[in-house]
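upload-v4.cif follows; it contains mmCIF, C-alpha atoms, pLDDT in the B column; chains and numbers go by the auth columns.
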data_data
#
loop_
_atom_site.group_PDB
_atom_site.id
_atom_site.type_symbol
_atom_site.label_atom_id
_atom_site.label_comp_id
_atom_site.label_asym_id
_atom_site.label_seq_id
_atom_site.Cartn_x
_atom_site.Cartn_y
_atom_site.Cartn_z
_atom_site.B_iso_or_equiv
_atom_site.auth_seq_id
_atom_site.auth_asym_id
ATOM 1 C CA CYS A 1 -35.685 11.838 13.972 45.00 1 A
ATOM 2 C CA ILE A 2 -36.914 10.955 17.470 40.00 2 A
ATOM 3 C CA ARG A 3 -40.556 10.244 18.391 39.00 3 A
ATOM 4 C CA ASP A 4 -41.599 10.739 22.026 38.00 4 A
ATOM 5 C CA ARG A 5 -44.425 9.059 23.937 43.00 5 A
ATOM 6 C CA ASN A 6 -46.879 11.837 22.962 47.00 6 A
ATOM 7 C CA ASN A 7 -46.384 10.886 19.288 46.00 7 A
ATOM 8 C CA THR A 8 -44.546 14.140 18.620 46.00 8 A
ATOM 9 C CA VAL A 9 -41.794 13.590 16.074 43.00 9 A
ATOM 10 C CA ASN A 10 -38.781 15.870 16.495 44.00 10 A
ATOM 11 C CA ILE A 11 -36.876 16.189 13.240 45.00 11 A
ATOM 12 C CA ALA A 12 -33.291 17.381 12.878 42.00 12 A
ATOM 13 C CA ALA A 13 -31.554 17.892 9.558 46.00 13 A
ATOM 14 C CA ILE A 14 -28.363 19.442 8.241 41.00 14 A
ATOM 15 C CA ASP A 15 -28.512 21.371 4.998 45.00 15 A
ATOM 16 C CA THR A 16 -25.733 21.554 2.380 43.00 16 A
ATOM 17 C CA ASN A 17 -24.180 24.513 4.202 41.00 17 A
ATOM 18 C CA GLY A 18 -23.875 22.511 7.389 41.00 18 A
ATOM 19 C CA ILE A 19 -26.680 24.452 9.160 37.00 19 A
ATOM 20 C CA SER A 20 -28.775 22.395 11.518 38.00 20 A
ATOM 21 C CA GLN A 21 -32.612 22.652 11.180 42.00 21 A
ATOM 22 C CA ILE A 22 -34.911 21.405 13.971 40.00 22 A
ATOM 23 C CA GLY A 23 -38.683 21.084 13.948 46.00 23 A
ATOM 24 C CA ALA A 24 -41.563 19.127 15.508 43.00 24 A
ATOM 25 C CA LEU A 25 -44.539 17.349 13.978 45.00 25 A
ATOM 26 C CA LYS A 26 -47.599 16.067 15.891 44.00 26 A
ATOM 27 C CA MET A 27 -48.630 12.624 14.644 46.00 27 A
ATOM 28 C CA ASP A 28 -52.263 11.563 14.330 46.00 28 A
ATOM 29 C CA THR A 29 -52.905 9.452 17.458 46.00 29 A
ATOM 30 C CA GLY A 30 -55.869 7.833 15.747 46.00 30 A
ATOM 31 C CA SER A 31 -53.662 6.256 13.170 44.00 31 A
ATOM 32 C CA PRO A 32 -53.541 2.464 13.599 42.00 32 A
ATOM 33 C CA PHE A 33 -49.879 2.414 12.590 42.00 33 A
ATOM 34 C CA LEU A 34 -47.043 4.853 13.117 44.00 34 A
ATOM 35 C CA PRO A 35 -44.082 4.146 10.800 49.00 35 A
ATOM 36 C CA PRO A 36 -40.714 3.938 12.527 52.00 36 A
ATOM 37 C CA CYS A 37 -38.268 6.793 12.253 50.00 37 A
ATOM 38 C CA ASN A 38 -35.495 6.289 9.719 51.00 38 A
ATOM 39 C CA ASN A 39 -32.250 7.447 11.296 50.00 39 A
ATOM 40 C CA THR A 40 -30.075 6.223 8.435 51.00 40 A
ATOM 41 C CA MET A 41 -28.036 9.034 6.944 48.00 41 A
ATOM 42 C CA PRO A 42 -27.083 8.960 3.250 54.00 42 A
ATOM 43 C CA GLN A 43 -23.801 7.111 2.851 90.00 43 A
ATOM 44 C CA PHE A 44 -21.031 8.679 0.801 95.00 44 A
ATOM 45 C CA ASN A 45 -17.851 6.702 0.607 95.00 45 A
ATOM 46 C CA LEU A 46 -14.538 6.506 -1.239 96.00 46 A
ATOM 47 C CA ILE A 47 -12.330 3.412 -1.030 96.00 47 A
ATOM 48 C CA ILE A 48 -8.877 3.086 -2.585 97.00 48 A
ATOM 49 C CA ASN A 49 -7.656 -0.315 -3.830 96.00 49 A
ATOM 50 C CA ASN A 50 -10.156 -2.259 -1.732 94.00 50 A
ATOM 51 C CA GLN A 51 -9.035 -0.503 1.482 93.00 51 A
ATOM 52 C CA ALA A 52 -5.363 -1.377 1.028 92.00 52 A
ATOM 53 C CA TYR A 53 -2.911 0.709 3.031 92.00 53 A
ATOM 54 C CA TYR A 54 -0.109 0.495 0.453 93.00 54 A
ATOM 55 C CA ALA A 55 0.021 0.726 -3.339 93.00 55 A
ATOM 56 C CA SER A 56 2.994 -0.418 -5.406 91.00 56 A
ATOM 57 C CA GLY A 57 2.408 2.297 -8.019 92.00 57 A
ATOM 58 C CA SER A 58 0.608 5.562 -8.674 95.00 58 A
ATOM 59 C CA HIS A 59 -2.253 3.904 -10.572 96.00 59 A
ATOM 60 C CA VAL A 60 -5.104 2.953 -8.211 97.00 60 A
ATOM 61 C CA THR A 61 -8.788 2.021 -8.356 98.00 61 A
ATOM 62 C CA LEU A 62 -11.392 4.094 -6.525 97.00 62 A
ATOM 63 C CA THR A 63 -14.656 2.526 -5.357 97.00 63 A
ATOM 64 C CA LEU A 64 -17.393 5.125 -4.910 97.00 64 A
ATOM 65 C CA THR A 65 -20.655 4.836 -2.993 96.00 65 A
ATOM 66 C CA ALA A 66 -23.555 7.315 -2.890 96.00 66 A
ATOM 67 C CA PRO A 67 -27.369 7.269 -2.658 95.00 67 A
ATOM 68 C CA PRO A 68 -29.120 6.528 -5.990 94.00 68 A
ATOM 69 C CA THR A 69 -30.192 10.153 -6.525 95.00 69 A
ATOM 70 C CA PHE A 70 -26.569 11.288 -6.690 96.00 70 A
ATOM 71 C CA THR A 71 -25.378 10.835 -10.252 96.00 71 A
ATOM 72 C CA GLU A 72 -22.216 12.963 -10.462 97.00 72 A
ATOM 73 C CA VAL A 73 -18.906 13.007 -8.662 98.00 73 A
ATOM 74 C CA LEU A 74 -15.999 15.431 -8.341 97.00 74 A
ATOM 75 C CA LEU A 75 -12.591 13.851 -7.699 98.00 75 A
ATOM 76 C CA SER A 76 -9.263 15.415 -6.818 97.00 76 A
ATOM 77 C CA ASN A 77 -5.883 14.796 -5.212 97.00 77 A
ATOM 78 C CA ASN A 78 -6.257 18.042 -3.254 94.00 78 A
ATOM 79 C CA PRO A 79 -9.054 19.299 -1.000 95.00 79 A
ATOM 80 C CA THR A 80 -9.654 22.465 -3.052 95.00 80 A
ATOM 81 C CA PHE A 81 -10.670 20.463 -6.154 96.00 81 A
ATOM 82 C CA THR A 82 -8.536 22.749 -8.326 92.00 82 A
ATOM 83 C CA ASN A 83 -8.948 22.259 -12.098 92.00 83 A
ATOM 84 C CA THR A 84 -11.458 19.435 -11.721 95.00 84 A
ATOM 85 C CA MET A 85 -14.774 18.805 -13.441 96.00 85 A
ATOM 86 C CA TRP A 86 -17.898 16.921 -12.459 97.00 86 A
ATOM 87 C CA GLN A 87 -18.202 13.519 -14.092 97.00 87 A
ATOM 88 C CA ALA A 88 -20.800 10.773 -14.244 97.00 88 A
ATOM 89 C CA LEU A 89 -20.761 8.657 -11.118 97.00 89 A
ATOM 90 C CA THR A 90 -19.635 5.054 -11.621 97.00 90 A
ATOM 91 C CA THR A 91 -18.804 2.496 -8.960 96.00 91 A
ATOM 92 C CA ASN A 92 -15.171 1.994 -9.977 97.00 92 A
ATOM 93 C CA VAL A 93 -12.867 4.702 -11.297 97.00 93 A
ATOM 94 C CA ASN A 94 -9.266 4.349 -12.464 97.00 94 A
ATOM 95 C CA TRP A 95 -7.265 7.080 -10.761 97.00 95 A
ATOM 96 C CA GLU A 96 -3.733 8.434 -10.951 97.00 96 A
ATOM 97 C CA LEU A 97 -1.865 9.606 -7.852 96.00 97 A
ATOM 98 C CA PRO A 98 1.291 11.749 -7.867 93.00 98 A
ATOM 99 C CA ALA A 99 4.302 9.868 -9.238 89.00 99 A
ATOM 100 C CA ASN A 100 6.539 10.120 -6.170 92.00 100 A
ATOM 101 C CA ASP A 101 6.401 7.730 -3.226 92.00 101 A
ATOM 102 C CA GLY A 102 4.574 8.960 -0.136 92.00 102 A
ATOM 103 C CA LEU A 103 1.244 9.261 1.653 94.00 103 A
ATOM 104 C CA TYR A 104 -1.550 10.706 -0.509 96.00 104 A
ATOM 105 C CA GLN A 105 -5.221 11.526 -0.075 96.00 105 A
ATOM 106 C CA VAL A 106 -8.003 11.437 -2.646 97.00 106 A
ATOM 107 C CA TYR A 107 -11.058 13.672 -2.188 97.00 107 A
ATOM 108 C CA ALA A 108 -14.569 13.259 -3.534 97.00 108 A
ATOM 109 C CA LYS A 109 -17.929 14.955 -3.359 97.00 109 A
ATOM 110 C CA PHE A 110 -21.155 13.899 -4.979 97.00 110 A
ATOM 111 C CA ARG A 111 -23.985 15.852 -6.615 97.00 111 A
ATOM 112 C CA ALA A 112 -27.708 15.307 -7.141 96.00 112 A
ATOM 113 C CA GLY A 113 -29.035 18.232 -9.158 94.00 113 A
ATOM 114 C CA GLN A 114 -28.001 21.310 -7.163 93.00 114 A
ATOM 115 C CA THR A 115 -27.386 19.340 -3.960 95.00 115 A
ATOM 116 C CA GLU A 116 -23.796 18.528 -3.108 95.00 116 A
ATOM 117 C CA SER A 117 -22.608 16.026 -0.525 95.00 117 A
ATOM 118 C CA PRO A 118 -19.993 16.693 2.128 95.00 118 A
ATOM 119 C CA VAL A 119 -16.423 16.039 1.036 96.00 119 A
ATOM 120 C CA VAL A 120 -15.196 12.500 1.720 96.00 120 A
ATOM 121 C CA ALA A 121 -11.560 11.434 1.564 96.00 121 A
ATOM 122 C CA ASN A 122 -9.327 8.432 1.900 96.00 122 A
ATOM 123 C CA SER A 123 -5.564 7.916 1.941 96.00 123 A
ATOM 124 C CA ILE A 124 -2.986 5.408 0.717 95.00 124 A
ATOM 125 C CA VAL A 125 0.800 5.102 0.799 94.00 125 A
ATOM 126 C CA VAL A 126 2.513 4.790 -2.589 94.00 126 A
ATOM 127 C CA ASP A 127 5.605 2.602 -2.275 93.00 127 A
ATOM 128 C CA THR A 128 7.396 1.675 -5.510 92.00 128 A
ATOM 129 C CA MET A 129 10.756 0.721 -4.001 92.00 129 A
ATOM 130 C CA TYR A 130 11.541 -2.875 -3.134 92.00 130 A
ATOM 131 C CA PRO A 131 12.979 -3.584 0.335 95.00 131 A
ATOM 132 C CA ASP A 132 16.525 -4.597 1.195 96.00 132 A
ATOM 133 C CA ALA A 133 17.063 -7.863 3.078 97.00 133 A
ATOM 134 C CA ALA A 134 20.068 -10.075 3.777 97.00 134 A
ATOM 135 C CA VAL A 135 21.128 -13.102 5.772 98.00 135 A
ATOM 136 C CA LEU A 136 23.221 -11.987 8.731 97.00 136 A
ATOM 137 C CA SER A 137 26.895 -12.827 8.743 97.00 137 A
ATOM 138 C CA LEU A 138 27.873 -16.329 9.858 97.00 138 A
ATOM 139 C CA PRO A 139 31.259 -17.441 11.248 96.00 139 A
ATOM 140 C CA SER A 140 33.551 -19.040 8.694 95.00 140 A
ATOM 141 C CA GLN A 141 33.125 -22.348 10.512 96.00 141 A
ATOM 142 C CA VAL A 142 30.547 -23.889 12.829 96.00 142 A
ATOM 143 C CA PRO A 143 31.274 -26.988 14.923 94.00 143 A
ATOM 144 C CA ALA A 144 27.878 -28.686 14.700 94.00 144 A
ATOM 145 C CA ARG A 145 25.607 -29.832 11.883 95.00 145 A
ATOM 146 C CA ASP A 146 22.724 -27.808 13.379 96.00 146 A
ATOM 147 C CA PHE A 147 23.252 -24.066 13.518 97.00 147 A
ATOM 148 C CA VAL A 148 21.047 -20.954 13.609 97.00 148 A
ATOM 149 C CA VAL A 149 20.737 -18.738 10.545 98.00 149 A
ATOM 150 C CA ALA A 150 19.252 -15.243 11.006 97.00 150 A
ATOM 151 C CA TRP A 151 18.193 -12.531 8.580 97.00 151 A
ATOM 152 C CA GLY A 152 16.698 -9.066 8.514 96.00 152 A
ATOM 153 C CA GLY A 153 15.895 -6.134 6.262 95.00 153 A
ATOM 154 C CA TYR A 154 14.675 -2.598 5.779 93.00 154 A
ATOM 155 C CA ASP A 155 11.984 -0.868 3.730 91.00 155 A
ATOM 156 C CA ALA A 156 12.154 2.899 3.267 86.00 156 A
ATOM 157 C CA ASN A 157 8.475 3.624 2.601 81.00 157 A
ATOM 158 C CA GLY A 158 6.476 0.880 4.221 72.00 158 A
ATOM 159 C CA ALA A 159 6.893 -2.314 6.189 84.00 159 A
ATOM 160 C CA LEU A 160 8.539 -5.635 5.450 89.00 160 A
ATOM 161 C CA TYR A 161 6.043 -8.406 4.941 92.00 161 A
ATOM 162 C CA THR A 162 7.799 -11.729 4.269 96.00 162 A
ATOM 163 C CA PHE A 163 11.250 -13.182 3.560 97.00 163 A
ATOM 164 C CA ASP A 164 12.540 -15.904 1.240 98.00 164 A
ATOM 165 C CA ILE A 165 15.823 -17.655 2.060 98.00 165 A
ATOM 166 C CA GLN A 166 17.885 -19.748 -0.351 98.00 166 A
ATOM 167 C CA VAL A 167 20.877 -22.023 0.263 98.00 167 A
ATOM 168 C CA LYS A 168 23.440 -23.810 -1.882 97.00 168 A
ATOM 169 C CA GLU A 169 26.064 -26.456 -1.056 96.00 169 A
ATOM 170 C CA GLY A 170 29.561 -25.482 -2.114 93.00 170 A
ATOM 171 C CA ASN A 171 30.638 -22.524 -4.197 91.00 171 A
ATOM 172 C CA ASN A 172 29.551 -24.234 -7.423 93.00 172 A
ATOM 173 C CA GLY A 173 26.260 -25.547 -6.062 95.00 173 A
ATOM 174 C CA VAL A 174 22.785 -24.643 -7.298 97.00 174 A
ATOM 175 C CA TRP A 175 20.612 -22.257 -5.311 98.00 175 A
ATOM 176 C CA ARG A 176 17.501 -23.864 -3.835 97.00 176 A
ATOM 177 C CA ASP A 177 14.674 -22.571 -1.663 98.00 177 A
ATOM 178 C CA TRP A 178 15.126 -23.258 2.014 98.00 178 A
ATOM 179 C CA ILE A 179 12.397 -21.072 3.586 98.00 179 A
ATOM 180 C CA THR A 180 9.767 -19.068 1.673 97.00 180 A
ATOM 181 C CA ASN A 181 7.083 -16.539 2.621 97.00 181 A
ATOM 182 C CA THR A 182 8.134 -16.447 6.246 97.00 182 A
ATOM 183 C CA ARG A 183 7.654 -13.657 8.735 95.00 183 A
ATOM 184 C CA THR A 184 10.211 -15.107 11.129 96.00 184 A
ATOM 185 C CA ILE A 185 13.777 -13.787 11.270 96.00 185 A
ATOM 186 C CA SER A 186 15.744 -16.944 12.103 97.00 186 A
ATOM 187 C CA SER A 187 15.679 -20.708 11.844 97.00 187 A
ATOM 188 C CA THR A 188 17.893 -23.735 12.493 98.00 188 A
ATOM 189 C CA PHE A 189 19.645 -25.234 9.474 98.00 189 A
ATOM 190 C CA THR A 190 20.908 -28.818 9.424 97.00 190 A
ATOM 191 C CA GLY A 191 23.819 -29.618 7.142 96.00 191 A
ATOM 192 C CA ILE A 192 26.463 -32.258 6.536 95.00 192 A
ATOM 193 C CA ASN A 193 29.848 -32.410 8.234 95.00 193 A
ATOM 194 C CA GLY A 194 32.639 -31.020 6.069 93.00 194 A
ATOM 195 C CA GLN A 195 30.288 -29.187 3.703 96.00 195 A
ATOM 196 C CA THR A 196 30.225 -25.450 3.053 97.00 196 A
ATOM 197 C CA TYR A 197 26.853 -23.676 2.811 98.00 197 A
ATOM 198 C CA TYR A 198 26.020 -20.355 1.197 98.00 198 A
ATOM 199 C CA PHE A 199 22.905 -18.317 2.052 98.00 199 A
ATOM 200 C CA ARG A 200 21.064 -15.381 0.487 98.00 200 A
ATOM 201 C CA ALA A 201 17.756 -13.618 1.222 98.00 201 A
ATOM 202 C CA ARG A 202 15.152 -11.430 -0.376 97.00 202 A
ATOM 203 C CA ALA A 203 12.072 -9.668 1.037 97.00 203 A
ATOM 204 C CA ARG A 204 8.707 -8.393 -0.084 96.00 204 A
ATOM 205 C CA ASP A 205 6.990 -5.400 1.498 94.00 205 A
ATOM 206 C CA GLU A 206 3.389 -4.561 2.347 91.00 206 A
ATOM 207 C CA ALA A 207 2.937 -2.945 -1.070 91.00 207 A
ATOM 208 C CA GLY A 208 3.923 -6.181 -2.810 91.00 208 A
ATOM 209 C CA ASN A 209 7.339 -5.009 -4.035 94.00 209 A
ATOM 210 C CA LEU A 210 9.654 -8.024 -4.281 96.00 210 A
ATOM 211 C CA GLN A 211 13.405 -7.633 -3.922 97.00 211 A
ATOM 212 C CA PRO A 212 15.482 -9.617 -6.435 97.00 212 A
ATOM 213 C CA TYR A 213 17.963 -12.106 -5.020 98.00 213 A
ATOM 214 C CA PRO A 214 21.562 -10.863 -5.032 97.00 214 A
ATOM 215 C CA ASP A 215 23.905 -12.608 -7.449 96.00 215 A
ATOM 216 C CA GLU A 216 26.296 -13.487 -4.646 96.00 216 A
ATOM 217 C CA ALA A 217 25.674 -15.057 -1.258 97.00 217 A
ATOM 218 C CA ASN A 218 25.037 -12.816 1.736 98.00 218 A
ATOM 219 C CA THR A 219 27.135 -15.102 3.911 98.00 219 A
ATOM 220 C CA TRP A 220 28.582 -18.622 4.109 97.00 220 A
ATOM 221 C CA THR A 221 29.892 -21.095 6.643 97.00 221 A
ATOM 222 C CA ALA A 222 31.528 -24.517 6.747 97.00 222 A
ATOM 223 C CA ILE A 223 30.609 -27.304 9.137 96.00 223 A
ATOM 224 C CA SER A 224 33.847 -28.387 10.787 90.00 224 A
ATOM 225 C CA GLY A 225 32.406 -31.171 12.923 71.00 225 A
ATOM 226 C CA THR A 226 33.926 -34.609 12.441 59.00 226 A
ATOM 227 C CA SER A 227 32.172 -37.921 12.475 53.00 227 A
ATOM 228 C CA ILE A 228 32.953 -40.332 15.292 49.00 228 A
ATOM 229 C CA PHE A 229 33.487 -43.960 14.312 48.00 229 A
ATOM 230 C CA LEU A 230 33.208 -46.603 17.001 50.00 230 A
ATOM 231 C CA PRO A 231 35.169 -49.846 16.649 58.00 231 A
ATOM 232 C CA LEU A 232 33.193 -52.873 15.630 57.00 232 A
ATOM 233 C CA VAL A 233 33.541 -55.686 18.185 56.00 233 A
ATOM 234 C CA LEU A 234 32.613 -59.154 17.090 59.00 234 A
ATOM 235 C CA ARG A 235 31.739 -61.669 19.732 62.00 235 A
ATOM 236 C CA LYS A 236 31.868 -65.379 19.277 60.00 236 A
#

Rewrite the structure from the file as structure tokens, please.
Amino acid sequence: CIRDRNNTVNIAAIDTNGISQIGALKMDTGSPFLPPCNNTMPQFNLIINNQAYYASGSHVTLTLTAPPTFTEVLLSNNPTFTNTMWQALTTNVNWELPANDGLYQVYAKFRAGQTESPVVANSIVVDTMYPDAAVLSLPSQVPARDFVVAWGGYDANGALYTFDIQVKEGNNGVWRDWITNTRTISSTFTGINGQTYYFRARARDEAGNLQPYPDEANTWTAISGTSIFLPLVLRK
């Protein structure tokens, strides 16, 4: 509503059929107090998994918001609400999306007696597949103790989030974490002359899917640099 300087309140409303209604009301100018207009529209909302963009499975949680007079809700995975029934409105609802990976929408409308709200909707990407990452190929030998190791990956349904890189010394060595939870794609490794190093990588995506480490190394290299020994000179 909008009140002009002549204390005439112009009121606009939209009924459940989407038809706009406009009217005017003359306020009593002798009134010592004119209440402010309330321009706040009723809020109907549907949130999936706390506004996450990705889900790692078809099971999600819906958070529903409506004015207190609305006590029922109709939920569906399609906008026609086919084969759905009204149910009591609760704040959180466990919901099942289609089983296949992809982008899906959930639709809701709320009811207070015979009054129904507009349809609200929200979307989320279901991604159940873990990504594929690897350390990029290294030369069989590097001349210096410090050398750059790079890695990369691919995710079919979403986006890569972070990488973990492991290293081991020698073919019979034990894998150990070198870099974890990184969003970079390269770093400098410092080794020991004459030693051979093996590297492997894994990645996690935006949905939280974590790739298992491969059993074998993605790549390996040996440091061929030699140590330089200077003669010891003793002075009397």

For A:Phe163, work out the shell of residues within 10 Å, counting all atoms listed in the file and skipping chain neighbours fewer than 4 positions away, then give it as a PyMOL selection string.
chain A and resi 133-134+151-153+179-185+201-205+210-211

What does the structure give for the distance between atom CA of A:Asn45 and atom CA of A:Thr82, in Å to one decimal?
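Spanning atom CA of A:Asn45 to atom CA of A:Thr82 is a straight-line distance of 20.6 Å.
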
Report the residues retrieved by the PyMOL selection byres ((chain A and resi 224) around 9) from the displayed file, expressed as a PyMOL selection string.
chain A and resi 141-145+193-195+222-223+225-226

Counting only C-alpha atoms, closest pick from A:Phe199, A:Phe81, A:Trp175, A:Phe147 relative to A:Val106 is A:Phe81

List, as JSON, numbers by chain, every residue that the PyMOL selection byres ((chain A and resi 107-112) around 10) selects in the file provided.
{"A": [44, 45, 46, 64, 65, 66, 67, 68, 69, 70, 71, 72, 73, 74, 75, 76, 77, 78, 79, 80, 81, 86, 87, 88, 89, 105, 106, 113, 114, 115, 116, 117, 118, 119, 120, 121, 122, 123]}

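For the atom pair formed by atom CA of A:Asn172 and atom CA of A:Asn209, the distance is 29.6 Å, given to one decimal.
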
Might you pull out every residue within 6 Å of A:Gln166, with only C-alpha atoms counted and same-chain residues fewer than 5 positions away left off, and present them as a ChimeraX atom specification?
/A:176-178,199-200

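Candidate residues A:Ala150, A:Ala99, A:Val125, A:Leu136 were compared for distance to A:Ala217, and the nearest is A:Leu136, using all atoms listed in the file.
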